[in-house]
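Trainee: Take a look at this one; I'll ask things after.
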Amino acid sequence: MKRNKMQLKGQLRMYMRWPLIMTLLLIGMDVWVYMVDKKAGLLMSVIIIIYVGIAFSLYFYNRSLILADLIQFSVQYKGIENRLLKELAIPYAIALEDGRILWKNDCFLNLTEGQRKERYLNRMIPELHPGVFPKNDVDHVELEVTYRERSYQAELRKVSLEGFSEKEELLQIPEEQEYFVAVSLRDVTELNAYIRENEDQRMIAGLIYIDNYDEVMESVEEVRQSLLVALIDRKINKYIGDVDGIVKKLEKDKYFIVLRKDAYKKLKEDKFSLLEEVKQVNIGNSRSATLSIGLGLNTATYALSYQYARVAIDLALARGGDQAVIKDCNGITYFGGKKEQTAKNTRVKARVKAEALREFIVTRDKVIVMGHKIADPDSFGACMGIYRAAVSLEKKAHIVINEVTGSVRPLYDEILESPAYEDDIFITSEQALDYVDDNAMVIVVDTNKPQMTECPELLKKSKMIAVLDHHRQSSNIIENAVLSYVEPYSSSTCEMIAEVLQYMVDDIKFPALEAECMYAGIMIDTRNFMNRTGVRTFEAAAFLRRCGADITRVRKMFRDDMASYQAKAEAVRNAEVYRKEYAIAVCPSDIDSPTVLAAQAANE
């Protein structure tokens with residue numbers, strides 16, 4: 001009965017019915033013959049009957065034979081398919097959901113020679129464990145694996161077997177796991193080698209600057225200056241020449257270099273030892289020369305590589321020099337920067353920045369000043385210094401501060417209680433967003449990272465922003481600033497503001513309370529003038545002293561109370577040294593200013 005229900009379909013069915021379709025044509029022809037001659041028509045009818053009988057007999061007789069031949073062909077075709085898959089030049093295998101291998105083709109067997117009896121895929125290739133198999137709505141997964149020191153691009157494709165368990169009598173598979181995983185491997189070892197070789201041959205543009213050229217030249221006798229420059233040139237040329245790079249001197253203290261990416265890898269391995277080698281050049285100079293290196297990597301064009309190098313060298317200089325900065329499309333990498341930058345005695349830059357800041361403030365109606373979150377005395381004092389500059393230029397000024405810490409509370413409260421200041425001198429972030437408009441200027445002090453400011457949203461709404469800071473710049477900076485004065489060698493931002501104020505306004509009238517705020521900022525950041533102090537630090541302190549700062553009062557203001565002193569001593573007492581390099585301690589938090597106490601304990 002099943003055999004009788006089998007039917008042909010498609011083009012083969014149409015082909016088998018052509019004799020029956022021709023019968024209709026013959027019947028029509030017989031009608032026309034009858035109209036011409038009845039005897040001929042009758043003879044034609046007999047012939048048609050005989051034709052139809054033969055056609056139907058052949059159709060029903062050959063139908064079973066044709067079906068049998070088709071089944072035989074299907075079996076042979078399936079065998080050819082299996083043979084082609086088994087002899088496929090690509091390693092191919094079929095595995096269950098748990099990684100157990102059901103079938104492998106010859107190429108896969110040859111690839112895993114020596115492990116042919118291994119039944120689980122992940123035991124042969126650990127990276128192809130069941131955790132990376134396609135699951136849920138994912139049909140296939142591609143990943144690169146390593147097997148016997150060769151790289152393969154593995155494709156794992158899910159083969160659905162819905163209803164398999166109902167039809168299969170030998171193998172029972174849970175309904176939720178009715179699928180196989182087809183695994184194919186493609187050898188990409190040579191392709192990856194060519195890609196790496198092409199990548200290593202890519203050219204990289206770079207810049208090398210001598211940070212302190214003028215200072216070094218002044219520290220050596222004039223007759224030896226040319227010899228010192230020649231020795232530095234030789235160091236740079238030899239270092240870049242050893243990796244087949246090219247050096248071109250642009251100016252007396254600037255060099256342009258070109259090298260391959262594989263050469264950069266060598267420089268990276270020795271951590272840019274050129275930085276230390278140049279410092280060792282000494283022919284009587286009291287100051288060592290330091291270098292800044294900027295490289296641009298992973299770019300589509302050489303012009304973009306050079307642009308990246310320019311950005312990298314600017315960042316290296318802004319961070320104080322004596323370091324290598326590498327910029328690519330993924331981020332920025334730093335090397336070196338261990339040497340403390342020496343402060344420059346010249347104030348030309350401070351005067352130029354002060355004049356520029358004055359011009360910007362004059363063009364605006366009001367000024368909004370903000371420091372970093374959890375304000376310390378340096379941030380608070382710098383805000384007060386900019387506030388005084390704006391008021392001296394007859395501009396309305398506000399200071400953004402959300403949380404008043406214990407270290408600035410005495411000065412903050414004294415300013416609030418003083419009748420010399422307006423009620424809205426201090427505002428919160430929400431108020432600042434209402435105050436800002438096209439005629440307002442935002443000045444950020446003691447930080448150059450947007451996420452660390454009191455109100456990051458304020459930077460997006462303001463069209464004119466200035467930044468004054470003494471911290472090293474990182475890759476995340478305030479990018480839309482019209483003025484950026486960042487000096488890593490300064491002891492504190494208050495020192496920088498004290499210098500700027502002397503050039504912004506002639507004979508500036510500085511209240512003693514504001515001078516004390518700025519003096520406190522310098523004192524805290526320098527640990528009572530014991531850390532990172534230079535000539536300009538004491539000059540700034542002397543200027544604030546002339547403005548009326550009471551040094552004794554400021555020192556008493558920041559004395560520790562008994563609880564803070566005991567907490568700090570407890571943290572230091574319980575400190576543990578890790579690997580002979582790191583001191584780790586837990587600082588008590590049940591005090592007013594835990595962040596300040598933690599910093600003091602860390603200094604100890």
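Going through the structure tokens in order, the chains are called A, B, and so on, while each chain numbers its residues from 1 and the ligands are numbered from 1 in the order shown.
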Find the spatial neighbours of stretch 275-285 of chain A, counting only C-alpha atoms, within a cut-off of 12 Å - ignore same-chain residues fewer than 6 positions away - and output them as a PyMOL selection string.

Mentor: chain A and resi 208-239+267+291-293+321-325+335-339

Trainee: Can you pull out every residue within 12 Å of A:Thr23, counting only C-alpha atoms, but drop anything in the same chain fewer than 6 positions away, and send it as a list of chain:residue names?

Mentor: A:Arg17, A:Met29, A:Asp30, A:Ser45, A:Ile47, A:Ile48, A:Ile49, A:Ile50, A:Tyr51, A:Val52, A:Gly53, A:Ile54, A:Ala55, A:Phe56

Trainee: Apply DSSP to the structure's backbone, then extract all residues of stretch 58-129 of chain A labelled helix (DSSP H, G or I) and return them as number ranges by chain.

Mentor: A: 58-86, 106-111, 121-124

Trainee: Mind checking DSSP for stretch 409-548 of chain A and telling me the strand (DSSP E or B) residues as a short mmCIF file (atom, residue, chain, number, x, y, z; two decimals) with all heavy atoms, in the first residue's frame?

Mentor:
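So part_11.cif came out as:
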```cif
data_model
loop_
_atom_site.label_atom_id
_atom_site.label_comp_id
_atom_site.auth_asym_id
_atom_site.auth_seq_id
_atom_site.Cartn_x
_atom_site.Cartn_y
_atom_site.Cartn_z
N PHE A 426 29.55 80.87 46.85
CA PHE A 426 29.64 79.42 46.71
C PHE A 426 28.31 78.89 46.19
O PHE A 426 27.25 79.20 46.76
CB PHE A 426 30.00 78.75 48.03
CG PHE A 426 31.33 79.16 48.59
CD1 PHE A 426 31.42 79.83 49.81
CD2 PHE A 426 32.50 78.89 47.89
CE1 PHE A 426 32.64 80.22 50.33
CE2 PHE A 426 33.74 79.28 48.40
CZ PHE A 426 33.81 79.95 49.61
N ILE A 427 28.35 78.09 45.13
CA ILE A 427 27.13 77.52 44.55
C ILE A 427 27.34 76.02 44.33
O ILE A 427 28.47 75.54 44.26
CB ILE A 427 26.76 78.20 43.22
CG1 ILE A 427 27.89 78.08 42.19
CG2 ILE A 427 26.38 79.65 43.45
CD1 ILE A 427 27.55 78.65 40.82
N ALA A 440 29.19 83.45 30.05
CA ALA A 440 29.90 82.97 31.24
C ALA A 440 31.15 82.20 30.81
O ALA A 440 31.17 81.53 29.79
CB ALA A 440 28.99 82.08 32.08
N MET A 441 32.19 82.32 31.63
CA MET A 441 33.42 81.58 31.40
C MET A 441 33.64 80.63 32.57
O MET A 441 33.48 81.01 33.73
CB MET A 441 34.62 82.53 31.27
CG MET A 441 35.94 81.81 31.03
SD MET A 441 37.32 82.94 30.86
CE MET A 441 38.65 81.79 30.49
N VAL A 442 34.01 79.39 32.25
CA VAL A 442 34.27 78.38 33.28
C VAL A 442 35.79 78.18 33.38
O VAL A 442 36.46 77.95 32.37
CB VAL A 442 33.58 77.04 32.94
CG1 VAL A 442 33.96 75.98 33.96
CG2 VAL A 442 32.07 77.22 32.91
N ILE A 443 36.31 78.28 34.60
CA ILE A 443 37.75 78.08 34.85
C ILE A 443 37.90 76.90 35.79
O ILE A 443 37.35 76.89 36.89
CB ILE A 443 38.40 79.34 35.44
CG1 ILE A 443 38.22 80.53 34.48
CG2 ILE A 443 39.88 79.10 35.70
CD1 ILE A 443 38.79 81.84 35.00
N VAL A 444 38.65 75.89 35.34
CA VAL A 444 38.88 74.67 36.13
C VAL A 444 40.28 74.73 36.71
O VAL A 444 41.25 75.02 35.99
CB VAL A 444 38.72 73.41 35.25
CG1 VAL A 444 38.97 72.15 36.07
CG2 VAL A 444 37.33 73.37 34.62
N VAL A 445 40.40 74.44 38.01
CA VAL A 445 41.70 74.50 38.68
C VAL A 445 41.98 73.17 39.39
O VAL A 445 41.06 72.46 39.80
CB VAL A 445 41.77 75.67 39.69
CG1 VAL A 445 41.62 77.00 38.99
CG2 VAL A 445 40.68 75.51 40.76
N THR A 453 36.00 66.84 37.96
CA THR A 453 35.56 68.18 38.33
C THR A 453 34.29 68.11 39.16
O THR A 453 33.59 67.09 39.18
CB THR A 453 35.32 69.03 37.08
OG1 THR A 453 34.33 68.40 36.25
CG2 THR A 453 36.60 69.19 36.28
N ILE A 465 36.25 77.69 28.19
CA ILE A 465 36.79 76.98 29.36
C ILE A 465 38.29 77.20 29.42
O ILE A 465 38.98 77.17 28.39
CB ILE A 465 36.49 75.47 29.26
CG1 ILE A 465 34.99 75.21 29.16
CG2 ILE A 465 37.06 74.73 30.47
CD1 ILE A 465 34.63 73.77 28.87
N ALA A 466 38.80 77.44 30.63
CA ALA A 466 40.24 77.53 30.86
C ALA A 466 40.62 76.53 31.94
O ALA A 466 39.83 76.25 32.85
CB ALA A 466 40.63 78.94 31.29
N VAL A 467 41.83 75.97 31.83
CA VAL A 467 42.30 74.95 32.77
C VAL A 467 43.65 75.38 33.32
O VAL A 467 44.56 75.70 32.55
CB VAL A 467 42.42 73.57 32.08
CG1 VAL A 467 42.92 72.53 33.08
CG2 VAL A 467 41.09 73.14 31.49
N LEU A 468 43.79 75.39 34.64
CA LEU A 468 45.06 75.66 35.31
C LEU A 468 45.31 74.53 36.30
O LEU A 468 44.51 74.31 37.22
CB LEU A 468 45.04 77.01 36.03
CG LEU A 468 44.93 78.25 35.14
CD1 LEU A 468 43.47 78.67 34.97
CD2 LEU A 468 45.72 79.42 35.72
N ASP A 469 46.42 73.79 36.12
CA ASP A 469 46.65 72.61 36.94
C ASP A 469 48.14 72.31 37.01
O ASP A 469 48.92 72.74 36.15
CB ASP A 469 45.89 71.42 36.33
CG ASP A 469 45.96 70.18 37.20
OD1 ASP A 469 46.14 70.33 38.42
OD2 ASP A 469 45.83 69.07 36.65
N LEU A 483 42.12 77.83 26.88
CA LEU A 483 43.41 78.10 27.52
C LEU A 483 43.73 76.93 28.45
O LEU A 483 42.92 76.54 29.28
CB LEU A 483 43.34 79.41 28.33
CG LEU A 483 44.58 79.75 29.16
CD1 LEU A 483 45.76 80.07 28.24
CD2 LEU A 483 44.32 80.90 30.11
N SER A 484 44.91 76.37 28.28
CA SER A 484 45.35 75.27 29.14
C SER A 484 46.75 75.59 29.67
O SER A 484 47.71 75.67 28.90
CB SER A 484 45.36 73.95 28.34
OG SER A 484 45.78 72.88 29.15
N TYR A 485 46.84 75.81 30.96
CA TYR A 485 48.11 76.10 31.61
C TYR A 485 48.38 74.97 32.61
O TYR A 485 47.92 74.99 33.75
CB TYR A 485 48.03 77.45 32.32
CG TYR A 485 49.33 77.92 32.94
CD1 TYR A 485 50.57 77.45 32.50
CD2 TYR A 485 49.33 78.85 33.97
CE1 TYR A 485 51.75 77.87 33.07
CE2 TYR A 485 50.51 79.30 34.55
CZ TYR A 485 51.72 78.79 34.09
OH TYR A 485 52.89 79.23 34.65
N VAL A 486 49.12 73.95 32.16
CA VAL A 486 49.42 72.78 32.96
C VAL A 486 50.93 72.69 33.13
O VAL A 486 51.66 72.52 32.16
CB VAL A 486 48.87 71.49 32.30
CG1 VAL A 486 49.20 70.28 33.17
CG2 VAL A 486 47.37 71.60 32.08
#
```

Trainee: Compare A:Arg319, A:Arg409, A:Lys509, A:Arg559 by their minimum atom-to-atom distance to A:Pro488, counting only C-alpha atoms, and give me the closest one.

Mentor: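 Using only C-alpha atoms, A:Pro488 sits closest to A:Arg319.
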
Trainee: Please compute the atom CA of A:Leu250-atom CA of A:Ala318 distance, one decimal, in Å.

Mentor: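 Distance reported for this atom pair: 20.6 Å.
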
Trainee: List as a ChimeraX atom specification the protein and nucleic acid residues near A:Pro594, meaning an atom at most 12 Å away when only C-alpha atoms are counted, but skip any in the same chain fewer than 2 places from it.

Mentor: /A:374,405-407,563-565,567-568,571,586-592,596-602

Trainee: Using the selection just defined, write its residues with N, CA and C atoms as a PDB file, in the first residue's frame.

Mentor:
```pdb
ATOM      1  N   ILE A 374      35.613  66.545  46.233  1.00  0.00           N
ATOM      2  CA  ILE A 374      36.231  66.419  47.561  1.00  0.00           C
ATOM      3  C   ILE A 374      37.409  67.401  47.641  1.00  0.00           C
ATOM      4  N   THR A 405      34.841  69.553  52.768  1.00  0.00           N
ATOM      5  CA  THR A 405      35.592  68.611  53.596  1.00  0.00           C
ATOM      6  C   THR A 405      36.126  69.311  54.840  1.00  0.00           C
ATOM      7  N   GLY A 406      36.557  68.469  55.790  1.00  0.00           N
ATOM      8  CA  GLY A 406      37.062  69.033  57.044  1.00  0.00           C
ATOM      9  C   GLY A 406      38.304  69.867  56.859  1.00  0.00           C
ATOM     10  N   SER A 407      39.103  69.606  55.820  1.00  0.00           N
ATOM     11  CA  SER A 407      40.350  70.346  55.634  1.00  0.00           C
ATOM     12  C   SER A 407      40.119  71.781  55.173  1.00  0.00           C
ATOM     13  N   ALA A 563      42.411  62.872  68.155  1.00  0.00           N
ATOM     14  CA  ALA A 563      41.811  61.686  67.519  1.00  0.00           C
ATOM     15  C   ALA A 563      42.469  61.411  66.163  1.00  0.00           C
ATOM     16  N   SER A 564      42.702  62.486  65.373  1.00  0.00           N
ATOM     17  CA  SER A 564      43.322  62.294  64.058  1.00  0.00           C
ATOM     18  C   SER A 564      44.761  61.823  64.199  1.00  0.00           C
ATOM     19  N   TYR A 565      45.473  62.383  65.150  1.00  0.00           N
ATOM     20  CA  TYR A 565      46.868  61.988  65.350  1.00  0.00           C
ATOM     21  C   TYR A 565      46.958  60.520  65.761  1.00  0.00           C
ATOM     22  N   ALA A 567      44.728  58.197  65.142  1.00  0.00           N
ATOM     23  CA  ALA A 567      44.307  57.366  64.015  1.00  0.00           C
ATOM     24  C   ALA A 567      45.442  57.203  63.010  1.00  0.00           C
ATOM     25  N   LYS A 568      46.152  58.284  62.757  1.00  0.00           N
ATOM     26  CA  LYS A 568      47.281  58.226  61.825  1.00  0.00           C
ATOM     27  C   LYS A 568      48.391  57.352  62.390  1.00  0.00           C
ATOM     28  N   ALA A 571      47.427  53.737  61.973  1.00  0.00           N
ATOM     29  CA  ALA A 571      47.599  53.255  60.597  1.00  0.00           C
ATOM     30  C   ALA A 571      49.069  52.962  60.307  1.00  0.00           C
ATOM     31  N   VAL A 586      45.615  49.929  56.902  1.00  0.00           N
ATOM     32  CA  VAL A 586      44.198  50.265  56.969  1.00  0.00           C
ATOM     33  C   VAL A 586      44.049  51.508  57.830  1.00  0.00           C
ATOM     34  N   CYS A 587      43.431  52.534  57.267  1.00  0.00           N
ATOM     35  CA  CYS A 587      43.287  53.801  57.985  1.00  0.00           C
ATOM     36  C   CYS A 587      41.895  53.865  58.611  1.00  0.00           C
ATOM     37  N   PRO A 588      41.776  54.183  59.879  1.00  0.00           N
ATOM     38  CA  PRO A 588      40.445  54.305  60.512  1.00  0.00           C
ATOM     39  C   PRO A 588      39.583  55.327  59.787  1.00  0.00           C
ATOM     40  N   SER A 589      38.292  55.022  59.668  1.00  0.00           N
ATOM     41  CA  SER A 589      37.394  55.893  58.901  1.00  0.00           C
ATOM     42  C   SER A 589      36.423  56.680  59.778  1.00  0.00           C
ATOM     43  N   ASP A 590      36.462  56.482  61.093  1.00  0.00           N
ATOM     44  CA  ASP A 590      35.509  57.155  61.979  1.00  0.00           C
ATOM     45  C   ASP A 590      36.037  58.518  62.424  1.00  0.00           C
ATOM     46  N   ILE A 591      36.538  59.304  61.455  1.00  0.00           N
ATOM     47  CA  ILE A 591      37.031  60.650  61.735  1.00  0.00           C
ATOM     48  C   ILE A 591      36.456  61.595  60.698  1.00  0.00           C
ATOM     49  N   ASP A 592      36.684  62.897  60.883  1.00  0.00           N
ATOM     50  CA  ASP A 592      36.056  63.894  60.015  1.00  0.00           C
ATOM     51  C   ASP A 592      36.580  63.860  58.590  1.00  0.00           C
ATOM     52  N   VAL A 596      42.051  62.981  53.925  1.00  0.00           N
ATOM     53  CA  VAL A 596      43.241  63.748  54.303  1.00  0.00           C
ATOM     54  C   VAL A 596      44.129  62.914  55.229  1.00  0.00           C
ATOM     55  N   LEU A 597      43.495  62.232  56.180  1.00  0.00           N
ATOM     56  CA  LEU A 597      44.264  61.412  57.112  1.00  0.00           C
ATOM     57  C   LEU A 597      44.983  60.288  56.366  1.00  0.00           C
ATOM     58  N   ALA A 598      44.312  59.672  55.377  1.00  0.00           N
ATOM     59  CA  ALA A 598      44.936  58.606  54.596  1.00  0.00           C
ATOM     60  C   ALA A 598      46.143  59.131  53.831  1.00  0.00           C
ATOM     61  N   ALA A 599      46.030  60.327  53.267  1.00  0.00           N
ATOM     62  CA  ALA A 599      47.156  60.920  52.540  1.00  0.00           C
ATOM     63  C   ALA A 599      48.329  61.199  53.471  1.00  0.00           C
ATOM     64  N   GLN A 600      48.014  61.710  54.670  1.00  0.00           N
ATOM     65  CA  GLN A 600      49.084  61.993  55.631  1.00  0.00           C
ATOM     66  C   GLN A 600      49.758  60.708  56.096  1.00  0.00           C
ATOM     67  N   ALA A 601      48.962  59.664  56.332  1.00  0.00           N
ATOM     68  CA  ALA A 601      49.529  58.389  56.746  1.00  0.00           C
ATOM     69  C   ALA A 601      50.383  57.799  55.627  1.00  0.00           C
ATOM     70  N   ALA A 602      49.939  57.952  54.382  1.00  0.00           N
ATOM     71  CA  ALA A 602      50.720  57.459  53.241  1.00  0.00           C
ATOM     72  C   ALA A 602      52.053  58.183  53.146  1.00  0.00           C
TER      73      ALA A 602
END
```
